[in-house]
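K.L.:
I am sharing query33.pdb, which consists of PDB, C-alpha atoms, pLDDT in the B column:
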```pdb
ATOM      1  CA  MET K   1       0.292 -25.498  24.552  1.00 88.00           C
ATOM      2  CA  LEU K   2      -1.405 -22.414  25.972  1.00 90.00           C
ATOM      3  CA  ALA K   3      -1.058 -23.721  29.529  1.00 92.00           C
ATOM      4  CA  ARG K   4       2.691 -24.061  29.024  1.00 92.00           C
ATOM      5  CA  LEU K   5       2.912 -20.384  28.090  1.00 95.00           C
ATOM      6  CA  LYS K   6       1.223 -19.223  31.301  1.00 91.00           C
ATOM      7  CA  SER K   7       4.541 -18.236  32.875  1.00 90.00           C
ATOM      8  CA  VAL K   8       5.620 -15.996  29.973  1.00 93.00           C
ATOM      9  CA  ARG K   9       5.657 -12.445  31.237  1.00 93.00           C
ATOM     10  CA  GLY K  10       4.505  -9.311  29.421  1.00 94.00           C
ATOM     11  CA  LEU K  11       1.934 -10.972  27.190  1.00 96.00           C
ATOM     12  CA  THR K  12      -1.829 -10.934  27.651  1.00 96.00           C
ATOM     13  CA  ASP K  13      -3.772 -14.204  27.574  1.00 96.00           C
ATOM     14  CA  ALA K  14      -5.097 -13.240  24.142  1.00 96.00           C
ATOM     15  CA  GLU K  15      -1.555 -12.727  22.839  1.00 96.00           C
ATOM     16  CA  LYS K  16      -0.433 -15.994  24.383  1.00 97.00           C
ATOM     17  CA  SER K  17      -3.243 -17.855  22.653  1.00 96.00           C
ATOM     18  CA  VAL K  18      -2.113 -16.435  19.292  1.00 96.00           C
ATOM     19  CA  TYR K  19       1.495 -17.501  19.905  1.00 97.00           C
ATOM     20  CA  ALA K  20       0.284 -20.900  21.149  1.00 97.00           C
ATOM     21  CA  LEU K  21      -1.655 -21.377  17.914  1.00 96.00           C
ATOM     22  CA  GLY K  22       1.418 -20.505  15.860  1.00 96.00           C
ATOM     23  CA  LEU K  23       3.592 -22.897  17.807  1.00 97.00           C
ATOM     24  CA  ALA K  24       1.081 -25.743  17.733  1.00 96.00           C
ATOM     25  CA  ALA K  25       0.608 -25.691  13.969  1.00 97.00           C
ATOM     26  CA  THR K  26       2.847 -27.453  11.454  1.00 97.00           C
ATOM     27  CA  PRO K  27       4.888 -25.330   8.996  1.00 98.00           C
ATOM     28  CA  GLU K  28       2.421 -26.156   6.203  1.00 97.00           C
ATOM     29  CA  GLU K  29      -0.587 -25.273   8.352  1.00 97.00           C
ATOM     30  CA  ARG K  30       1.049 -21.963   9.280  1.00 97.00           C
ATOM     31  CA  TRP K  31       1.622 -21.070   5.643  1.00 97.00           C
ATOM     32  CA  GLU K  32      -1.934 -22.125   4.782  1.00 97.00           C
ATOM     33  CA  LEU K  33      -3.299 -19.712   7.409  1.00 96.00           C
ATOM     34  CA  ASN K  34      -1.315 -16.871   5.852  1.00 97.00           C
ATOM     35  CA  GLU K  35      -2.261 -17.850   2.303  1.00 97.00           C
ATOM     36  CA  ASN K  36      -5.965 -18.206   3.082  1.00 97.00           C
ATOM     37  CA  PHE K  37      -6.002 -14.842   4.838  1.00 97.00           C
ATOM     38  CA  ILE K  38      -4.225 -13.042   2.001  1.00 97.00           C
ATOM     39  CA  ARG K  39      -6.495 -14.667  -0.602  1.00 97.00           C
ATOM     40  CA  SER K  40      -9.563 -13.718   1.448  1.00 97.00           C
ATOM     41  CA  LEU K  41      -8.485 -10.092   1.007  1.00 97.00           C
ATOM     42  CA  GLY K  42      -8.494 -10.533  -2.747  1.00 96.00           C
ATOM     43  CA  TYR K  43      -4.750 -10.794  -3.280  1.00 95.00           C
ATOM     44  CA  TRP K  44      -2.837 -13.598  -4.979  1.00 95.00           C
ATOM     45  CA  LYS K  45      -5.352 -14.286  -7.700  1.00 92.00           C
ATOM     46  CA  PRO K  46      -4.241 -17.154  -9.959  1.00 90.00           C
ATOM     47  CA  LEU K  47      -2.751 -15.915 -13.216  1.00 81.00           C
ATOM     48  CA  LYS K  48      -4.900 -16.219 -16.293  1.00 75.00           C
ATOM     49  CA  ARG K  49      -3.229 -18.346 -18.921  1.00 66.00           C
ATOM     50  CA  LYS K  50      -2.821 -16.673 -22.287  1.00 60.00           C
ATOM     51  CA  THR K  51      -4.847 -18.561 -24.837  1.00 60.00           C
ATOM     52  CA  SER K  52      -3.473 -18.625 -28.332  1.00 58.00           C
ATOM     53  CA  ALA K  53      -5.798 -17.549 -31.103  1.00 57.00           C
ATOM     54  CA  SER K  54      -7.204 -20.450 -33.065  1.00 51.00           C
ATOM     55  CA  CYS K  55      -7.681 -20.332 -36.822  1.00 48.00           C
TER
ATOM     56  CA  MET M   1      16.700 -20.600   1.135  1.00 98.00           C
ATOM     57  CA  LEU M   2      13.418 -19.160   2.410  1.00 98.00           C
ATOM     58  CA  ILE M   3      13.972 -15.879   4.280  1.00 98.00           C
ATOM     59  CA  GLY M   4      11.993 -12.852   5.490  1.00 97.00           C
ATOM     60  CA  MET M   5       8.478 -12.937   6.860  1.00 97.00           C
ATOM     61  CA  SER M   6       7.482 -15.977   4.820  1.00 98.00           C
ATOM     62  CA  ALA M   7      10.243 -17.860   6.665  1.00 98.00           C
ATOM     63  CA  ALA M   8       9.039 -16.390   9.966  1.00 98.00           C
ATOM     64  CA  VAL M   9       5.451 -17.420   9.229  1.00 98.00           C
ATOM     65  CA  VAL M  10       6.337 -21.071   8.564  1.00 98.00           C
ATOM     66  CA  GLN M  11       8.193 -21.086  11.895  1.00 98.00           C
ATOM     67  CA  GLY M  12       5.115 -19.976  13.801  1.00 98.00           C
ATOM     68  CA  VAL M  13       5.030 -16.178  13.750  1.00 98.00           C
ATOM     69  CA  MET M  14       1.344 -15.348  13.366  1.00 95.00           C
ATOM     70  CA  GLU M  15       1.858 -12.496  10.932  1.00 95.00           C
ATOM     71  CA  THR M  16       0.982 -12.143   7.305  1.00 94.00           C
ATOM     72  CA  THR M  17       3.148 -11.491   4.312  1.00 96.00           C
ATOM     73  CA  LEU M  18       2.330 -10.589   0.758  1.00 95.00           C
ATOM     74  CA  ASP M  19       5.286 -12.257  -0.905  1.00 95.00           C
ATOM     75  CA  VAL M  20       7.801 -15.042  -0.648  1.00 98.00           C
ATOM     76  CA  ASP M  21      11.494 -14.154  -0.375  1.00 98.00           C
ATOM     77  CA  LEU M  22      13.977 -16.689  -1.668  1.00 98.00           C
ATOM     78  CA  TRP M  23      17.682 -16.123  -1.090  1.00 98.00           C
ATOM     79  CA  ILE M  24      19.557 -17.447  -4.092  1.00 98.00           C
ATOM     80  CA  ASP M  25      23.160 -18.582  -3.792  1.00 97.00           C
ATOM     81  CA  LEU M  26      24.258 -16.938  -7.034  1.00 96.00           C
ATOM     82  CA  PRO M  27      25.798 -13.583  -7.943  1.00 95.00           C
ATOM     83  CA  SER M  28      23.033 -11.111  -8.805  1.00 93.00           C
ATOM     84  CA  ARG M  29      24.347 -10.774 -12.374  1.00 94.00           C
ATOM     85  CA  GLN M  30      23.169 -14.330 -12.930  1.00 95.00           C
ATOM     86  CA  TYR M  31      19.524 -13.482 -12.331  1.00 94.00           C
ATOM     87  CA  MET M  32      18.676 -14.829 -15.798  1.00 96.00           C
ATOM     88  CA  ARG M  33      19.427 -18.364 -14.618  1.00 97.00           C
ATOM     89  CA  VAL M  34      16.830 -17.989 -11.903  1.00 97.00           C
ATOM     90  CA  GLN M  35      14.355 -16.419 -14.325  1.00 97.00           C
ATOM     91  CA  ASN M  36      14.707 -19.359 -16.680  1.00 97.00           C
ATOM     92  CA  ILE M  37      14.037 -21.855 -13.895  1.00 96.00           C
ATOM     93  CA  ALA M  38      11.019 -19.833 -12.759  1.00 97.00           C
ATOM     94  CA  ARG M  39       9.606 -19.675 -16.282  1.00 97.00           C
ATOM     95  CA  LYS M  40      10.052 -23.416 -16.729  1.00 97.00           C
ATOM     96  CA  ALA M  41       8.047 -23.864 -13.530  1.00 94.00           C
ATOM     97  CA  GLY M  42       5.199 -21.836 -15.067  1.00 95.00           C
ATOM     98  CA  ALA M  43       5.924 -18.513 -13.356  1.00 96.00           C
ATOM     99  CA  THR M  44       5.536 -15.133 -15.025  1.00 96.00           C
ATOM    100  CA  MET M  45       8.366 -12.651 -14.551  1.00 97.00           C
ATOM    101  CA  ALA M  46       7.223  -9.206 -13.374  1.00 96.00           C
ATOM    102  CA  ALA M  47      10.738  -7.779 -12.967  1.00 96.00           C
ATOM    103  CA  ASN M  48      14.296  -9.096 -13.043  1.00 95.00           C
ATOM    104  CA  THR M  49      13.962 -10.525  -9.556  1.00 96.00           C
ATOM    105  CA  VAL M  50      10.194 -10.839  -9.121  1.00 97.00           C
ATOM    106  CA  ALA M  51       8.138 -13.767 -10.384  1.00 97.00           C
ATOM    107  CA  TYR M  52       4.465 -14.585 -10.050  1.00 97.00           C
ATOM    108  CA  LEU M  53       3.688 -18.256  -9.620  1.00 96.00           C
ATOM    109  CA  GLU M  54       0.736 -19.725 -11.514  1.00 95.00           C
ATOM    110  CA  ASP M  55      -1.382 -19.551  -8.374  1.00 95.00           C
ATOM    111  CA  GLY M  56      -0.658 -15.818  -8.091  1.00 96.00           C
ATOM    112  CA  ILE M  57       1.919 -15.827  -5.284  1.00 97.00           C
ATOM    113  CA  PRO M  58       4.717 -13.304  -5.852  1.00 97.00           C
ATOM    114  CA  VAL M  59       8.256 -14.532  -5.254  1.00 98.00           C
ATOM    115  CA  ASN M  60      11.223 -12.209  -4.784  1.00 98.00           C
ATOM    116  CA  PHE M  61      14.647 -13.535  -5.637  1.00 98.00           C
ATOM    117  CA  VAL M  62      17.162 -12.045  -3.244  1.00 97.00           C
ATOM    118  CA  PHE M  63      20.893 -12.185  -3.903  1.00 97.00           C
ATOM    119  CA  LYS M  64      22.167 -10.295  -0.867  1.00 93.00           C
ATOM    120  CA  VAL M  65      20.584  -9.801   2.551  1.00 93.00           C
ATOM    121  CA  ASN M  66      21.415  -6.789   4.696  1.00 89.00           C
ATOM    122  CA  GLY M  67      22.490  -7.487   8.247  1.00 91.00           C
ATOM    123  CA  LEU M  68      23.478 -11.078   7.586  1.00 95.00           C
ATOM    124  CA  GLU M  69      26.634 -12.894   6.581  1.00 96.00           C
ATOM    125  CA  SER M  70      27.229 -14.778   3.344  1.00 96.00           C
ATOM    126  CA  PHE M  71      24.770 -17.362   2.071  1.00 97.00           C
ATOM    127  CA  GLU M  72      27.349 -20.059   2.758  1.00 97.00           C
ATOM    128  CA  ARG M  73      27.480 -19.091   6.444  1.00 97.00           C
ATOM    129  CA  GLU M  74      23.784 -18.389   6.886  1.00 97.00           C
ATOM    130  CA  ILE M  75      22.630 -21.675   5.362  1.00 98.00           C
ATOM    131  CA  LYS M  76      24.164 -23.272   8.457  1.00 97.00           C
ATOM    132  CA  HIS M  77      21.520 -21.365  10.447  1.00 95.00           C
ATOM    133  CA  SER M  78      18.679 -22.858   8.447  1.00 98.00           C
ATOM    134  CA  GLU M  79      16.478 -25.873   8.955  1.00 97.00           C
ATOM    135  CA  LEU M  80      14.617 -27.981   6.447  1.00 98.00           C
ATOM    136  CA  LEU M  81      10.895 -27.358   6.709  1.00 98.00           C
ATOM    137  CA  LYS M  82       7.981 -28.320   4.533  1.00 97.00           C
ATOM    138  CA  PHE M  83       6.807 -25.404   2.431  1.00 97.00           C
ATOM    139  CA  ARG M  84       4.287 -25.785  -0.383  1.00 95.00           C
ATOM    140  CA  GLY M  85       4.839 -29.521  -0.504  1.00 94.00           C
ATOM    141  CA  LYS M  86       8.634 -29.485  -0.539  1.00 96.00           C
ATOM    142  CA  ARG M  87      11.247 -29.531   2.195  1.00 97.00           C
ATOM    143  CA  ILE M  88      13.425 -26.480   1.731  1.00 98.00           C
ATOM    144  CA  PRO M  89      16.017 -24.657   3.866  1.00 98.00           C
ATOM    145  CA  VAL M  90      14.365 -21.976   5.988  1.00 98.00           C
ATOM    146  CA  LEU M  91      16.444 -19.327   7.755  1.00 98.00           C
ATOM    147  CA  ARG M  92      16.058 -19.582  11.528  1.00 98.00           C
ATOM    148  CA  LEU M  93      14.027 -16.965  13.383  1.00 98.00           C
ATOM    149  CA  GLU M  94      17.056 -15.684  15.302  1.00 97.00           C
ATOM    150  CA  ARG M  95      18.772 -14.766  12.030  1.00 97.00           C
ATOM    151  CA  ILE M  96      15.621 -13.223  10.523  1.00 97.00           C
ATOM    152  CA  LEU M  97      15.376 -11.145  13.689  1.00 97.00           C
ATOM    153  CA  LYS M  98      18.998 -10.047  13.345  1.00 96.00           C
ATOM    154  CA  SER M  99      18.446  -8.956   9.760  1.00 96.00           C
ATOM    155  CA  LYS M 100      15.306  -7.009  10.671  1.00 96.00           C
ATOM    156  CA  GLU M 101      16.981  -5.390  13.675  1.00 96.00           C
ATOM    157  CA  THR M 102      19.742  -4.193  11.361  1.00 95.00           C
ATOM    158  CA  ILE M 103      17.481  -2.883   8.594  1.00 94.00           C
ATOM    159  CA  ARG M 104      14.763  -1.495  10.927  1.00 95.00           C
ATOM    160  CA  ARG M 105      12.355  -0.306   8.235  1.00 95.00           C
ATOM    161  CA  ASP M 106       9.013   0.894   9.626  1.00 97.00           C
ATOM    162  CA  LYS M 107       7.334  -2.328   8.543  1.00 94.00           C
ATOM    163  CA  ASP M 108       9.982  -4.361  10.366  1.00 95.00           C
ATOM    164  CA  LEU M 109       9.177  -2.927  13.796  1.00 96.00           C
ATOM    165  CA  PRO M 110       5.986  -4.931  14.495  1.00 96.00           C
ATOM    166  CA  HIS M 111       7.657  -7.996  12.983  1.00 97.00           C
ATOM    167  CA  ILE M 112      10.588  -7.604  15.378  1.00 97.00           C
ATOM    168  CA  ILE M 113       8.184  -7.559  18.333  1.00 97.00           C
ATOM    169  CA  HIS M 114       6.313 -10.658  17.126  1.00 97.00           C
ATOM    170  CA  ILE M 115       9.503 -12.604  16.431  1.00 98.00           C
ATOM    171  CA  ARG M 116      10.984 -11.695  19.827  1.00 98.00           C
ATOM    172  CA  ASN M 117       7.777 -12.732  21.586  1.00 97.00           C
ATOM    173  CA  LEU M 118       7.592 -16.024  19.719  1.00 98.00           C
ATOM    174  CA  LEU M 119      11.206 -16.784  20.606  1.00 98.00           C
ATOM    175  CA  ARG M 120      10.382 -16.083  24.262  1.00 96.00           C
ATOM    176  CA  CYS M 121       7.403 -18.447  24.063  1.00 97.00           C
ATOM    177  CA  ARG M 122       9.586 -21.104  22.452  1.00 96.00           C
ATOM    178  CA  ARG M 123      12.127 -20.799  25.261  1.00 95.00           C
ATOM    179  CA  ALA M 124       9.319 -21.156  27.801  1.00 94.00           C
ATOM    180  CA  LEU M 125       8.202 -24.353  26.082  1.00 93.00           C
ATOM    181  CA  LYS M 126      11.716 -25.746  26.164  1.00 90.00           C
ATOM    182  CA  SER M 127      12.024 -25.073  29.874  1.00 86.00           C
ATOM    183  CA  LYS M 128       8.600 -26.638  30.492  1.00 71.00           C
ATOM    184  CA  PRO M 129       8.358 -29.859  28.522  1.00 70.00           C
ATOM    185  CA  ALA M 130       4.849 -31.151  27.874  1.00 71.00           C
ATOM    186  CA  GLN M 131       3.513 -33.272  30.726  1.00 65.00           C
ATOM    187  CA  THR M 132       2.328 -36.703  29.780  1.00 59.00           C
ATOM    188  CA  LYS M 133      -0.719 -38.155  31.494  1.00 55.00           C
ATOM    189  CA  ARG M 134      -0.118 -41.295  33.480  1.00 53.00           C
TER
END
```
Do you think you could lay out the structure here as structure tokens?

P.N.:
Amino acid sequence: MLARLKSVRGLTDAEKSVYALGLAATPEERWELNENFIRSLGYWKPLKRKTSASC
Amino acid sequence: MLIGMSAAVVQGVMETTLDVDLWIDLPSRQYMRVQNIARKAGATMAANTVAYLEDGIPVNFVFKVNGLESFEREIKHSELLKFRGKRIPVLRLERILKSKETIRRDKDLPHIIHIRNLLRCRRALKSKPAQTKR
């Protein structure tokens, strides 16, 4: 994938490798990368279920 | 239909987004219908058009998108992609770019650059099909 982006002008090799990664992944893998990153920052914590008081 | 940066991400833009934008084909006054569906799916409503899924992901329900045409027209510019286990219509990058170029909020500027670059890379791939080893 990266080799096929060699001819793209105006991008560094590092940038090309990022775009190559994005293009090579499946839609689900791409979303997983985003989700894992956001969760690693402490966002998107699962909601706590309200527990009803028992008698 | 999935729109915004979440739609861009599933199409390969290596950016991050803090929420999921869903364009709903309903008049905004009918937001309660969407709320009811979201609640049935276990989401918690944080505002009229914002729900938090059980796993904590915020979802914005959008009823009109600036810079784009009607839902009916734009859905023709979508493709079905797998997102969270389901195949759903996702607005194509070219249309997301058009919307962002129209709105041009500060946060859109880096997104515009990334989307343009990815589209350029895609075009390069199309002009250079993968070589198969013989």

K.L.:
Could you list the residues in chain K lying within 6 Å of chain M, using all atoms listed in the file, and format the result as a PDB file with C-alpha atoms, in the coordinates of the input?

P.N.:
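Output (part-v4.pdb):
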```
ATOM      1  CA  GLY K  22       1.418 -20.505  15.860  1.00 96.00           C
ATOM      2  CA  LEU K  23       3.592 -22.897  17.807  1.00 97.00           C
ATOM      3  CA  PRO K  27       4.888 -25.330   8.996  1.00 98.00           C
ATOM      4  CA  GLU K  28       2.421 -26.156   6.203  1.00 97.00           C
ATOM      5  CA  ARG K  30       1.049 -21.963   9.280  1.00 97.00           C
ATOM      6  CA  TRP K  31       1.622 -21.070   5.643  1.00 97.00           C
ATOM      7  CA  ASN K  34      -1.315 -16.871   5.852  1.00 97.00           C
ATOM      8  CA  TRP K  44      -2.837 -13.598  -4.979  1.00 95.00           C
ATOM      9  CA  LYS K  45      -5.352 -14.286  -7.700  1.00 92.00           C
ATOM     10  CA  PRO K  46      -4.241 -17.154  -9.959  1.00 90.00           C
ATOM     11  CA  LEU K  47      -2.751 -15.915 -13.216  1.00 81.00           C
TER      12      LEU K  47
END
```

K.L.:
Output as AutoDock Vina command-line options the centre and edge lengths (Å, one decimal) of the box along x, y and z of the file that holds every listed atom of segment 116-122 of chain M after adding 4 Å on each side.

P.N.:
```
--center_x 9.3 --center_y -16.4 --center_z 22.0 --size_x 11.8 --size_y 17.4 --size_z 12.5
```

K.L.:
Considering all atoms listed in the file, can you say which of M:Val50, M:Val59, M:Val90, M:Ile112 comes closest to Ile3 of chain M?

P.N.:
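The shortest atom-to-atom distance to Ile3 of chain M comes from M:Val90.
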
K.L.:
Would you work out the distance separating atom CA of Met1 of chain M from atom CA of Leu22 of chain M, expressed in Å to one decimal?

P.N.:
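Between these atoms lies a distance of 5.5 Å.
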
K.L.:
Report, in Å with one decimal, the straight-line distance from atom CA of Ser99 of chain M to atom CA of Ile115 of chain M.

P.N.:
11.7 Å

K.L.:
Quick check on the file I pasted: which residues fall under the PyMOL selection byres ((chain K and resi 20) around 9)? Write them as a list in words.

P.N.:
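Output of the PyMOL selection byres ((chain K and resi 20) around 9): Met1, Leu2, Ala3, Arg4, Leu5, Glu15, Lys16, Ser17, Val18, Tyr19, Leu21, Gly22, Leu23, Ala24 and Ala25 of chain K; Gly12, Leu118 and Cys121 of chain M.
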
K.L.:
Just the number, please: distance in Å from atom CA of Met5 of chain M to atom CA of Ile75 of chain M, one decimal.

P.N.:
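Atom-to-atom, atom CA of Met5 of chain M to atom CA of Ile75 of chain M, that is 16.7 Å.
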
K.L.:
Env of Asn48 of chain M: 9 Å cut, atoms = only C-alpha atoms, seq-sep filter 3 positions within chain, self excluded. Answer as a tab-separated table (two decimals) with C-alpha atoms, in the coordinates of the input.

P.N.:
```
chain	number	residue	atom	x	y	z
M	31	TYR	CA	19.52	-13.48	-12.33
M	32	MET	CA	18.68	-14.83	-15.80
M	35	GLN	CA	14.36	-16.42	-14.32
M	45	MET	CA	8.37	-12.65	-14.55
M	51	ALA	CA	8.14	-13.77	-10.38
M	61	PHE	CA	14.65	-13.54	-5.64
```

K.L.:
Hey, what comes out of the PyMOL selection byres ((chain M and resi 100-106) around 12) on this file? Could you write it as a tab-separated table (two decimals) with C-alpha atoms, keeping the file's coordinate frame?

P.N.:
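Final output, saved to part-v6.tsv:
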```
chain	number	residue	atom	x	y	z
M	3	ILE	CA	13.97	-15.88	4.28
M	4	GLY	CA	11.99	-12.85	5.49
M	5	MET	CA	8.48	-12.94	6.86
M	8	ALA	CA	9.04	-16.39	9.97
M	65	VAL	CA	20.58	-9.80	2.55
M	66	ASN	CA	21.42	-6.79	4.70
M	67	GLY	CA	22.49	-7.49	8.25
M	68	LEU	CA	23.48	-11.08	7.59
M	93	LEU	CA	14.03	-16.96	13.38
M	94	GLU	CA	17.06	-15.68	15.30
M	95	ARG	CA	18.77	-14.77	12.03
M	96	ILE	CA	15.62	-13.22	10.52
M	97	LEU	CA	15.38	-11.14	13.69
M	98	LYS	CA	19.00	-10.05	13.34
M	99	SER	CA	18.45	-8.96	9.76
M	107	LYS	CA	7.33	-2.33	8.54
M	108	ASP	CA	9.98	-4.36	10.37
M	109	LEU	CA	9.18	-2.93	13.80
M	110	PRO	CA	5.99	-4.93	14.50
M	111	HIS	CA	7.66	-8.00	12.98
M	112	ILE	CA	10.59	-7.60	15.38
M	113	ILE	CA	8.18	-7.56	18.33
M	114	HIS	CA	6.31	-10.66	17.13
M	115	ILE	CA	9.50	-12.60	16.43
M	116	ARG	CA	10.98	-11.70	19.83
```
